[in-house]
>>> print(open('start28.tsv').read())   # TSV, C-alpha atoms
chain	number	residue	atom	x	y	z
E	1	MET	CA	0.00	0.00	0.00
E	2	GLY	CA	1.44	3.39	-0.97
E	3	LEU	CA	2.05	6.21	1.48
E	4	ARG	CA	-0.62	8.89	1.86
E	5	ARG	CA	0.49	12.04	0.05
E	6	SER	CA	-0.90	15.53	0.03
E	7	LYS	CA	-2.91	16.43	-3.04
E	8	HIS	CA	-0.65	19.49	-3.28
E	9	SER	CA	2.56	17.45	-3.63
E	10	SER	CA	4.28	17.49	-7.03
E	11	PRO	CA	6.88	14.91	-8.23
E	12	SER	CA	9.69	17.28	-7.23
E	13	ASP	CA	8.09	17.62	-3.79
E	14	LYS	CA	8.03	13.85	-3.45
E	15	ALA	CA	11.73	13.62	-4.20
E	16	ALA	CA	12.49	16.33	-1.66
E	17	PHE	CA	10.31	14.64	0.95
E	18	ALA	CA	11.74	11.15	0.40
E	19	PRO	CA	13.95	11.10	3.55
E	20	TRP	CA	10.87	11.94	5.64
E	21	ALA	CA	8.33	9.78	3.83
E	22	GLY	CA	7.59	7.65	6.90
E	23	LEU	CA	6.34	10.75	8.77
E	24	GLU	CA	3.46	11.22	6.35
E	25	LEU	CA	1.48	8.48	8.05
E	26	LEU	CA	1.50	10.25	11.43
E	27	THR	CA	-1.65	11.99	12.66
E	28	SER	CA	0.36	14.63	14.53
E	29	ALA	CA	1.84	17.56	12.61
E	30	VAL	CA	5.57	17.22	11.91
E	31	ILE	CA	7.75	20.06	10.62
E	32	VAL	CA	11.45	19.79	9.77
E	33	LEU	CA	13.48	23.02	9.81
E	34	ASP	CA	16.73	23.83	8.06
E	35	ALA	CA	19.66	25.62	9.67
E	36	SER	CA	17.94	29.00	9.20
E	37	GLY	CA	14.64	28.00	10.82
E	38	VAL	CA	12.97	27.67	7.40
E	39	ILE	CA	10.48	24.85	6.80
E	40	CYS	CA	11.96	22.26	4.44
E	41	TYR	CA	9.40	19.51	5.15
E	42	ALA	CA	5.86	19.32	6.56
E	43	ASN	CA	3.65	16.25	6.62
E	44	PRO	CA	-0.06	16.21	5.56
E	45	ALA	CA	-1.21	16.47	9.19
E	46	THR	CA	0.55	19.85	9.35
E	47	GLU	CA	-1.43	20.99	6.34
E	48	HIS	CA	-4.66	20.10	8.15
E	49	LEU	CA	-3.64	21.59	11.51
E	50	LEU	CA	-2.27	24.91	10.22
E	51	GLU	CA	-4.78	25.22	7.35
E	52	HIS	CA	-1.95	25.90	4.90
E	53	SER	CA	-0.94	23.90	1.85
E	54	ILE	CA	2.33	22.00	2.14
E	55	LYS	CA	3.57	23.88	-0.91
E	56	GLY	CA	2.80	27.18	0.80
E	57	LEU	CA	4.51	26.13	4.03
E	58	ARG	CA	7.79	25.11	2.41
E	59	GLY	CA	10.31	27.96	2.36
E	60	GLN	CA	8.61	29.93	5.14
E	61	ASN	CA	10.40	30.76	8.37
E	62	ILE	CA	8.61	29.05	11.26
E	63	ALA	CA	8.35	32.35	13.16
E	64	SER	CA	6.41	34.01	10.31
E	65	LEU	CA	3.44	31.62	10.64
E	66	PHE	CA	2.32	32.94	14.04
E	67	ARG	CA	2.02	36.31	15.75
E	68	ASN	CA	4.01	34.97	18.69
E	69	GLY	CA	6.35	32.94	16.46
E	70	ALA	CA	9.37	34.33	18.31
E	71	ALA	CA	8.73	31.69	20.99
E	72	LEU	CA	9.19	28.91	18.40
E	73	LEU	CA	12.28	30.63	17.01
E	74	GLN	CA	13.79	30.71	20.50
E	75	LEU	CA	13.16	26.97	20.88
E	76	PHE	CA	14.74	26.43	17.44
E	77	ASP	CA	17.86	28.35	18.50
E	78	GLN	CA	18.15	26.33	21.72
E	79	ALA	CA	17.75	23.00	19.92
E	80	SER	CA	20.22	24.03	17.19
E	81	ALA	CA	22.76	24.85	19.89
E	82	TYR	CA	22.14	21.40	21.45
E	83	GLN	CA	20.93	22.91	24.72
E	84	PHE	CA	18.52	19.96	24.85
E	85	SER	CA	17.90	16.79	22.85
E	86	ASP	CA	14.13	17.13	23.06
E	87	LYS	CA	11.73	19.39	24.89
E	88	ARG	CA	7.98	19.13	25.51
E	89	LEU	CA	5.70	22.04	26.35
E	90	ASP	CA	2.17	23.38	25.83
E	91	LEU	CA	1.91	26.39	23.53
E	92	THR	CA	-0.82	28.75	22.37
E	93	LEU	CA	0.09	29.83	18.84
E	94	GLU	CA	-1.64	33.05	17.75
E	95	ARG	CA	-2.73	33.28	14.11
E	96	ALA	CA	-3.93	36.35	12.22
E	97	GLY	CA	-7.66	36.18	11.53
E	98	ARG	CA	-8.09	32.78	13.19
E	99	GLU	CA	-8.57	31.39	16.66
E	100	PRO	CA	-5.37	30.68	18.62
E	101	LEU	CA	-4.03	27.17	18.19
E	102	ARG	CA	-3.46	25.24	21.42
E	103	VAL	CA	-0.92	22.48	20.93
E	104	HIS	CA	1.44	20.20	22.77
E	105	CYS	CA	4.81	20.84	21.12
E	106	ILE	CA	7.77	18.44	21.02
E	107	VAL	CA	11.03	20.02	19.85
E	108	THR	CA	13.72	17.51	18.85
E	109	ALA	CA	17.35	18.29	17.99
E	110	LEU	CA	18.44	16.21	14.99
E	111	ASP	CA	22.00	15.07	14.33
E	112	SER	CA	22.01	16.77	10.95
E	113	PRO	CA	23.60	20.19	10.20
E	114	ALA	CA	21.31	20.73	7.19
E	115	THR	CA	18.09	19.92	9.09
E	116	PRO	CA	18.90	20.42	12.78
E	117	VAL	CA	15.39	20.63	14.29
E	118	LEU	CA	12.12	18.71	14.08
E	119	LEU	CA	8.87	20.06	15.54
E	120	GLU	CA	5.90	17.87	16.37
E	121	LEU	CA	2.59	19.61	17.14
E	122	ARG	CA	-0.30	17.73	18.71
E	123	GLU	CA	-3.69	19.32	19.15
E	124	ASN	CA	-5.36	17.52	22.02
E	125	VAL	CA	-7.83	19.95	23.49
E	126	GLN	CA	-9.62	17.46	25.72
E	127	GLN	CA	-6.46	16.08	27.30
E	128	LEU	CA	-5.03	19.55	27.80
E	129	LYS	CA	-8.30	20.59	29.41
E	130	LEU	CA	-8.28	17.62	31.79
E	131	ASP	CA	-4.64	18.22	32.70
E	132	ARG	CA	-5.35	21.91	33.30
E	133	GLU	CA	-8.35	21.16	35.53
E	134	GLU	CA	-6.33	18.64	37.52
E	135	ARG	CA	-3.57	21.20	38.01
E	136	LEU	CA	-6.14	23.80	39.10
E	137	LEU	CA	-7.64	21.41	41.65
E	138	ASP	CA	-4.24	20.41	43.04
E	139	GLN	CA	-3.23	24.06	43.12
E	140	SER	CA	-6.41	25.03	44.96
E	141	LEU	CA	-5.91	22.35	47.61
E	142	ALA	CA	-2.29	23.41	48.09
E	143	ASN	CA	-3.33	27.08	48.28
E	144	LYS	CA	-5.97	26.28	50.87
E	145	GLU	CA	-3.48	24.48	53.11
E	146	LEU	CA	-0.85	27.17	52.64
E	147	ILE	CA	-3.29	29.99	53.39
E	148	ARG	CA	-4.61	28.36	56.55
E	149	ASN	CA	-1.14	27.69	57.94
E	150	LEU	CA	0.27	31.07	56.94
E	151	ALA	CA	-2.75	33.00	58.23
E	152	HIS	CA	-2.58	31.37	61.65
E	153	GLU	CA	1.17	31.98	61.84
E	154	ILE	CA	0.61	35.66	61.06
E	155	LYS	CA	-2.42	36.21	63.30
E	156	ASN	CA	-0.79	35.29	66.61
E	157	PRO	CA	2.17	37.72	66.47
E	158	LEU	CA	-0.05	40.41	64.94
E	159	GLY	CA	-2.23	40.48	68.03
E	160	GLY	CA	0.84	40.76	70.22
E	161	ILE	CA	2.34	43.57	68.15
E	162	ARG	CA	-0.90	45.56	68.20
E	163	GLY	CA	-1.38	45.05	71.94
E	164	ALA	CA	2.21	46.07	72.68
E	165	ALA	CA	1.82	49.25	70.62
E	166	GLN	CA	-1.36	50.17	72.54
E	167	LEU	CA	0.35	49.58	75.91
E	168	LEU	CA	3.37	51.58	74.77
E	169	GLU	CA	1.11	54.47	73.79
E	170	LEU	CA	-0.42	54.49	77.29
E	171	GLU	CA	3.07	54.70	78.82
E	172	LEU	CA	4.27	57.64	76.72
E	173	PRO	CA	5.23	60.75	78.73
E	174	GLU	CA	2.68	63.54	78.45
E	175	ARG	CA	5.21	65.98	77.01
E	176	GLN	CA	6.15	63.56	74.20
E	177	LEU	CA	2.72	62.06	73.58
E	178	TYR	CA	1.95	64.19	70.53
E	179	GLN	CA	5.30	63.51	68.80
E	180	LEU	CA	5.55	59.78	69.57
E	181	ARG	CA	1.90	58.79	69.27
E	182	GLU	CA	2.24	59.04	65.49
E	183	TYR	CA	4.61	56.06	65.48
E	184	THR	CA	2.46	53.84	67.69
E	185	GLN	CA	-0.55	54.63	65.52
E	186	VAL	CA	1.40	53.53	62.42
E	187	ILE	CA	2.08	50.17	64.11
E	188	ILE	CA	-1.57	49.76	65.14
E	189	LYS	CA	-2.95	50.71	61.72
E	190	GLU	CA	-0.55	48.45	59.82
E	191	ALA	CA	-1.38	45.57	62.19
E	192	ASP	CA	-5.09	46.18	61.49
E	193	ARG	CA	-4.42	46.24	57.74
E	194	LEU	CA	-2.61	42.91	57.88
E	195	GLN	CA	-5.39	41.48	60.06
E	196	THR	CA	-7.95	42.48	57.40
E	197	LEU	CA	-5.82	40.78	54.72
E	198	VAL	CA	-5.59	37.59	56.78
E	199	ASP	CA	-9.36	37.63	57.39
E	200	ARG	CA	-9.96	37.91	53.62
E	201	LEU	CA	-7.62	34.98	53.00
E	202	LEU	CA	-9.51	32.86	55.54
E	203	ALA	CA	-13.01	34.04	54.53
E	204	PRO	CA	-13.92	31.15	52.19
E	205	HIS	CA	-12.83	28.55	54.75
E	206	ARG	CA	-14.60	30.12	57.74
E	207	HIS	CA	-18.16	30.65	56.57
E	208	ALA	CA	-20.59	27.79	56.20
E	209	HIS	CA	-21.80	26.84	52.72
E	210	ILE	CA	-25.41	28.10	52.73
E	211	VAL	CA	-27.29	26.00	50.19
E	212	GLY	CA	-30.47	27.11	48.47
E	213	ASP	CA	-32.00	27.36	45.00
E	214	VAL	CA	-29.82	29.43	42.66
E	215	ASN	CA	-31.02	31.14	39.48
E	216	ILE	CA	-27.83	32.00	37.62
E	217	HIS	CA	-29.51	34.84	35.72
E	218	GLU	CA	-30.49	36.54	38.97
E	219	VAL	CA	-26.84	36.25	39.97
E	220	CYS	CA	-25.74	37.82	36.67
E	221	GLU	CA	-28.29	40.64	36.92
E	222	ARG	CA	-27.18	41.45	40.45
E	223	VAL	CA	-23.56	41.64	39.32
E	224	ARG	CA	-24.53	43.71	36.28
E	225	SER	CA	-26.33	46.29	38.41
E	226	LEU	CA	-23.36	46.56	40.79
E	227	ILE	CA	-20.86	47.04	37.97
E	228	MET	CA	-23.05	49.57	36.13
E	229	ALA	CA	-23.45	51.56	39.35
E	230	GLU	CA	-19.67	51.85	39.64
E	231	PHE	CA	-18.99	52.38	35.91
E	232	PRO	CA	-22.08	54.25	34.62
E	233	THR	CA	-20.57	55.58	31.38
E	234	GLY	CA	-18.29	54.19	28.67
E	235	LEU	CA	-19.01	50.55	29.53
E	236	ALA	CA	-21.64	48.30	27.92
E	237	ILE	CA	-22.61	45.03	29.60
E	238	VAL	CA	-24.16	42.71	27.02
E	239	ARG	CA	-26.46	39.90	28.19
E	240	ASP	CA	-26.65	36.68	26.17
E	241	TYR	CA	-28.72	34.32	28.32
E	242	ASP	CA	-30.10	30.84	27.77
E	243	LEU	CA	-33.28	31.13	29.81
E	244	SER	CA	-33.86	27.37	29.71
E	245	ILE	CA	-31.08	26.78	32.27
E	246	PRO	CA	-32.69	25.27	35.39
E	247	GLU	CA	-32.15	26.37	38.95
E	248	PHE	CA	-29.62	24.35	40.92
E	249	ARG	CA	-28.62	23.97	44.56
E	250	GLY	CA	-25.85	26.27	45.69
E	251	ASP	CA	-24.77	29.25	47.77
E	252	ASN	CA	-26.24	32.33	46.10
E	253	GLU	CA	-24.00	34.85	47.88
E	254	GLN	CA	-20.83	32.93	47.09
E	255	LEU	CA	-21.70	32.76	43.41
E	256	ILE	CA	-22.56	36.48	43.30
E	257	GLN	CA	-19.17	37.21	44.87
E	258	ALA	CA	-17.35	34.91	42.43
E	259	VAL	CA	-18.96	36.45	39.32
E	260	LEU	CA	-18.59	39.97	40.74
E	261	ASN	CA	-14.85	39.49	41.39
E	262	ILE	CA	-14.31	38.44	37.77
E	263	ALA	CA	-16.53	41.14	36.28
E	264	HIS	CA	-15.00	43.85	38.46
E	265	ASN	CA	-11.48	42.81	37.42
E	266	ALA	CA	-12.63	43.02	33.80
E	267	ALA	CA	-14.11	46.50	34.28
E	268	SER	CA	-10.93	47.70	36.00
E	269	ALA	CA	-8.81	46.37	33.13
E	270	LEU	CA	-11.02	48.24	30.63
E	271	SER	CA	-10.14	51.72	31.95
E	272	ASP	CA	-8.65	52.90	28.63
E	273	ARG	CA	-11.60	51.58	26.60
E	274	ILE	CA	-14.07	53.08	29.11
E	275	ALA	CA	-12.40	56.44	28.53
E	276	ALA	CA	-12.77	55.87	24.77
E	277	GLY	CA	-16.40	54.79	25.24
E	278	ASP	CA	-16.13	51.34	23.59
E	279	ALA	CA	-15.59	49.05	26.59
E	280	GLU	CA	-17.70	45.88	26.60
E	281	ILE	CA	-18.32	42.99	28.98
E	282	VAL	CA	-20.45	40.05	27.83
E	283	LEU	CA	-22.33	37.78	30.26
E	284	LYS	CA	-23.22	34.62	28.36
E	285	THR	CA	-24.95	31.51	29.74
E	286	ARG	CA	-25.30	28.15	28.03
E	287	VAL	CA	-25.78	24.49	28.94
E	288	ALA	CA	-22.72	22.31	28.38
E	289	ARG	CA	-23.22	18.59	27.85
E	290	GLN	CA	-21.07	15.63	28.87
E	291	VAL	CA	-18.60	17.67	30.91
E	292	THR	CA	-15.77	16.19	33.00
E	293	LEU	CA	-14.94	18.16	36.15
E	294	ALA	CA	-12.33	16.92	38.64
E	295	LYS	CA	-12.38	13.50	36.89
E	296	VAL	CA	-16.17	13.18	37.34
E	297	ARG	CA	-18.43	13.06	34.27
E	298	TYR	CA	-21.62	15.16	34.35
E	299	ARG	CA	-24.41	14.99	31.80
E	300	LEU	CA	-25.21	18.71	32.08
E	301	ALA	CA	-23.33	21.73	33.40
E	302	LEU	CA	-23.82	25.47	33.61
E	303	ASP	CA	-21.49	27.17	31.12
E	304	LEU	CA	-21.12	30.85	32.10
E	305	HIS	CA	-18.75	33.09	30.15
E	306	ILE	CA	-17.61	36.53	31.32
E	307	THR	CA	-15.71	38.11	28.43
E	308	ASP	CA	-14.25	41.56	27.84
E	309	ASN	CA	-12.45	43.41	25.06
E	310	GLY	CA	-9.64	44.70	27.28
E	311	PRO	CA	-5.87	44.43	26.90
E	312	GLY	CA	-5.71	40.81	28.04
E	313	ILE	CA	-3.88	39.23	30.96
E	314	PRO	CA	-0.09	39.74	30.92
E	315	ALA	CA	1.62	36.61	29.62
E	316	GLU	CA	3.97	36.41	32.59
E	317	ILE	CA	1.12	35.86	35.08
E	318	ARG	CA	-1.42	34.12	32.83
E	319	ASP	CA	-0.72	30.70	34.34
E	320	ARG	CA	-0.75	32.04	37.91
E	321	ILE	CA	-3.82	34.26	38.04
E	322	PHE	CA	-5.63	31.98	40.50
E	323	TYR	CA	-2.68	31.96	42.93
E	324	PRO	CA	-3.14	34.06	46.09
E	325	LEU	CA	-1.62	37.57	46.00
E	326	VAL	CA	-0.93	37.47	42.22
E	327	SER	CA	-2.38	40.57	40.54
E	328	GLY	CA	-2.01	42.21	37.15
E	329	ARG	CA	-3.29	45.57	38.42
E	330	GLU	CA	-1.40	48.26	40.26
E	331	GLY	CA	-2.68	48.21	43.83
E	332	GLY	CA	-4.63	44.95	43.35
E	333	SER	CA	-4.75	42.57	46.31
E	334	GLY	CA	-4.51	39.43	44.18
E	335	LEU	CA	-7.29	37.73	46.15
E	336	GLY	CA	-10.37	38.25	43.92
E	337	LEU	CA	-9.74	35.38	41.50
E	338	THR	CA	-8.45	33.09	44.25
E	339	LEU	CA	-11.70	33.54	46.19
E	340	ALA	CA	-13.78	33.17	43.01
E	341	GLN	CA	-12.08	29.87	42.16
E	342	THR	CA	-12.54	28.62	45.73
E	343	PHE	CA	-16.26	29.50	45.77
E	344	VAL	CA	-16.87	27.80	42.40
E	345	GLN	CA	-14.93	24.70	43.43
E	346	GLN	CA	-17.17	24.46	46.51
E	347	HIS	CA	-19.97	23.97	43.94
E	348	LEU	CA	-17.95	21.11	42.34
E	349	GLY	CA	-17.11	23.42	39.43
E	350	VAL	CA	-14.09	25.15	37.97
E	351	ILE	CA	-13.11	28.50	36.43
E	352	GLU	CA	-11.06	28.46	33.23
E	353	CYS	CA	-9.48	31.40	31.47
E	354	GLU	CA	-8.38	32.24	27.95
E	355	SER	CA	-6.81	35.58	27.14
E	356	TRP	CA	-4.96	37.46	24.43
E	357	PRO	CA	-4.82	41.18	23.55
E	358	GLY	CA	-8.35	42.44	22.90
E	359	TYR	CA	-10.09	39.42	24.38
E	360	THR	CA	-10.33	37.75	27.82
E	361	ASP	CA	-12.81	34.99	28.61
E	362	PHE	CA	-13.45	33.56	32.08
E	363	ARG	CA	-15.54	30.41	31.84
E	364	ILE	CA	-17.39	29.05	34.90
E	365	LEU	CA	-18.53	25.43	34.72
E	366	ILE	CA	-20.84	24.08	37.46
E	367	PRO	CA	-22.72	20.73	37.36
E	368	LEU	CA	-26.49	20.99	36.86
E	369	PRO	CA	-29.10	18.55	38.19
>>> encode(input="start28.tsv", output="structure tokens")
Amino acid sequence: MGLRRSKHSSPSDKAAFAPWAGLELLTSAVIVLDASGVICYANPATEHLLEHSIKGLRGQNIASLFRNGAALLQLFDQASAYQFSDKRLDLTLERAGREPLRVHCIVTALDSPATPVLLELRENVQQLKLDREERLLDQSLANKELIRNLAHEIKNPLGGIRGAAQLLELELPERQLYQLREYTQVIIKEADRLQTLVDRLLAPHRHAHIVGDVNIHEVCERVRSLIMAEFPTGLAIVRDYDLSIPEFRGDNEQLIQAVLNIAHNAASALSDRIAAGDAEIVLKTRVARQVTLAKVRYRLALDLHITDNGPGIPAEIRDRIFYPLVSGREGGSGLGLTLAQTFVQQHLGVIECESWPGYTDFRILIPLP
């Protein structure tokens, strides 16, 4: 049986591809680069994945195919310099006019000066999603344990510091009270500020989960009214609701707080667009079917999207936005998304995020009855 060839391949192409003919049977995309980072071979799976003809791919520099192609070029340089024999990592490759491509990339250094690097790209959305959810769950459990231990370690000395400052203030000589009281008040106020921070960290673990019937659209409308009250001009909040979504059992206040934290972060990130008058947040509800959350399969799930047209989440913190005290805003506490994720996970759900310049989407998935 002959090898499967692209319909775009000419006889000269076949001769050029002969050394790599065995790769044409693979279902994952394989690209071979020459010493300049230019594509000298691509298999038919690459044609399908990148939506480019093989003929069009040949002769192009790998970095020119994607907006963030510099990341691939850096990996090419490292492999060419034999800094590694092979490297595996997840990448989001941004394409002009198309949705970003999420792939698992394997970069292999070849023992060939003419063709020093081979790239293998595997699009496996479901597996990546499961791996990401598992990491989020493990991260959340680790965060919870860390926060509890750290908060209790901070609380005890804080009370002592505050009490000592108050006693010291009572012992100050009358003639120096005015000058020195300023310093004791700084200690007391800073101790109170840290106490408030610790209380916020412990909040989701202290309060009981109050279960009742939740209508997700009432939650969204409450959040919408709060955001519009704070940002009355320059911001449009678009509602795209599926009114067939049933009520489910949950903590109404926790879910309002979770959605509000996300929406408020979005509004804060839209400050430039609000000033220009074209800021937009979209609240979209749908029913997702056959959803796996924390390794459990659910027939139906709430699928709530909170999207905005802001600048996007900085790349350097994109993978850490749900960590405590990580914030992309000047003066942000870094607790809003951590609390939101905790509240949603208490409903057996998860929050996912996708972001690039001009678009950020927070997706809340919660099992439905």
>>> closest_residue(input="start28.tsv", among="E:Arg363, E:Arg286, E:Asn215, E:Asn265", to="Glu247 in chain E", atoms="all atoms listed in the file")
E:Asn215
>>> closest_residue(input="start28.tsv", among="E:Glu190, E:Asp308, E:Glu182, E:Glu153", to="Ile262 in chain E", atoms="only C-alpha atoms")
E:Asp308
>>> closest_residue(input="start28.tsv", among="E:Asp77, E:Arg239, E:Leu121, E:Ile62", to="Asp90 in chain E", atoms="all atoms listed in the file")
E:Leu121
>>> closest_residue(input="start28.tsv", among="E:Val198, E:Val223, E:Ile321, E:Leu337", to="Ser355 in chain E", atoms="only C-alpha atoms")
E:Ile321
>>> atom_distance(input="start28.tsv", atom1="CA of Lys155 in chain E", atom2="CA of His264 in chain E")
28.9 Å
>>> closest_residue(input="start28.tsv", among="E:Ala266, E:Leu194, E:Leu283, E:Ala276", to="Glu218 in chain E", atoms="all atoms listed in the file")
E:Leu283
>>> residues_near_point(input="start28.tsv", point="(-5.0, 32.5, 16.1)", cutoff="12 Å", atoms="all atoms listed in the file", output="list in words")
Leu49, Leu50, Glu51, Leu65, Phe66, Arg67, Asn68, Gly69, Leu91, Thr92, Leu93, Glu94, Arg95, Ala96, Gly97, Arg98, Glu99, Pro100, Leu101, Arg102, Val103, Ser355, Trp356, Pro357 and Tyr359 of chain E
>>> atom_distance(input="start28.tsv", atom1="CA of Ile306 in chain E", atom2="CA of Met228 in chain E")
14.9 Å
>>> closest_residue(input="start28.tsv", among="E:Phe248, E:Phe343, E:Tyr323, E:Trp20", to="Leu302 in chain E", atoms="all atoms listed in the file")
E:Phe248
>>> atom_distance(input="start28.tsv", atom1="CA of Ile106 in chain E", atom2="CA of Leu118 in chain E")
8.2 Å
>>> axis_aligned_box(input="start28.tsv", around="range 358-365 of chain E", padding_each_side="5 Å", output="JSON")
{"center_x": -13.4, "center_y": 33.9, "center_z": 28.9, "size_x": 20.2, "size_y": 27.0, "size_z": 22.0}
>>> residues_around(input="start28.tsv", residues="Gly277 in chain E", least_positions_apart="3", cutoff="12 Å", atoms="all atoms listed in the file", output="PyMOL selection string")
chain E and resi 231-236+270-274+280
>>> residues_around(input="start28.tsv", residues="Arg162 in chain E", least_positions_apart="4", cutoff="12 Å", atoms="all atoms listed in the file", output="VMD selection string")
chain E and resid 155 to 158 166 to 169 184 to 195
>>> write_last_selection(input="start28.tsv", atoms="C-alpha atoms", output="short mmCIF file (atom, residue, chain, number, x, y, z; two decimals), in the coordinates of the input")
data_model
loop_
_atom_site.label_atom_id
_atom_site.label_comp_id
_atom_site.auth_asym_id
_atom_site.auth_seq_id
_atom_site.Cartn_x
_atom_site.Cartn_y
_atom_site.Cartn_z
CA LYS E 155 -2.42 36.21 63.30
CA ASN E 156 -0.79 35.29 66.61
CA PRO E 157 2.17 37.72 66.47
CA LEU E 158 -0.05 40.41 64.94
CA GLN E 166 -1.36 50.17 72.54
CA LEU E 167 0.35 49.58 75.91
CA LEU E 168 3.37 51.58 74.77
CA GLU E 169 1.11 54.47 73.79
CA THR E 184 2.46 53.84 67.69
CA GLN E 185 -0.55 54.63 65.52
CA VAL E 186 1.40 53.53 62.42
CA ILE E 187 2.08 50.17 64.11
CA ILE E 188 -1.57 49.76 65.14
CA LYS E 189 -2.95 50.71 61.72
CA GLU E 190 -0.55 48.45 59.82
CA ALA E 191 -1.38 45.57 62.19
CA ASP E 192 -5.09 46.18 61.49
CA ARG E 193 -4.42 46.24 57.74
CA LEU E 194 -2.61 42.91 57.88
CA GLN E 195 -5.39 41.48 60.06
#
>>> residues_around(input="start28.tsv", residues="Ala114 in chain E", least_positions_apart="6", cutoff="12 Å", atoms="all atoms listed in the file", output="PDB file with C-alpha atoms, in the coordinates of the input")
ATOM      1  CA  VAL E  32      11.450  19.790   9.770  1.00  0.00           C
ATOM      2  CA  LEU E  33      13.480  23.020   9.810  1.00  0.00           C
ATOM      3  CA  ASP E  34      16.730  23.830   8.060  1.00  0.00           C
ATOM      4  CA  ALA E  35      19.660  25.620   9.670  1.00  0.00           C
ATOM      5  CA  SER E  36      17.940  29.000   9.200  1.00  0.00           C
ATOM      6  CA  GLY E  37      14.640  28.000  10.820  1.00  0.00           C
ATOM      7  CA  VAL E  38      12.970  27.670   7.400  1.00  0.00           C
ATOM      8  CA  ILE E  39      10.480  24.850   6.800  1.00  0.00           C
ATOM      9  CA  CYS E  40      11.960  22.260   4.440  1.00  0.00           C
ATOM     10  CA  SER E  80      20.220  24.030  17.190  1.00  0.00           C
TER      11      SER E  80
END
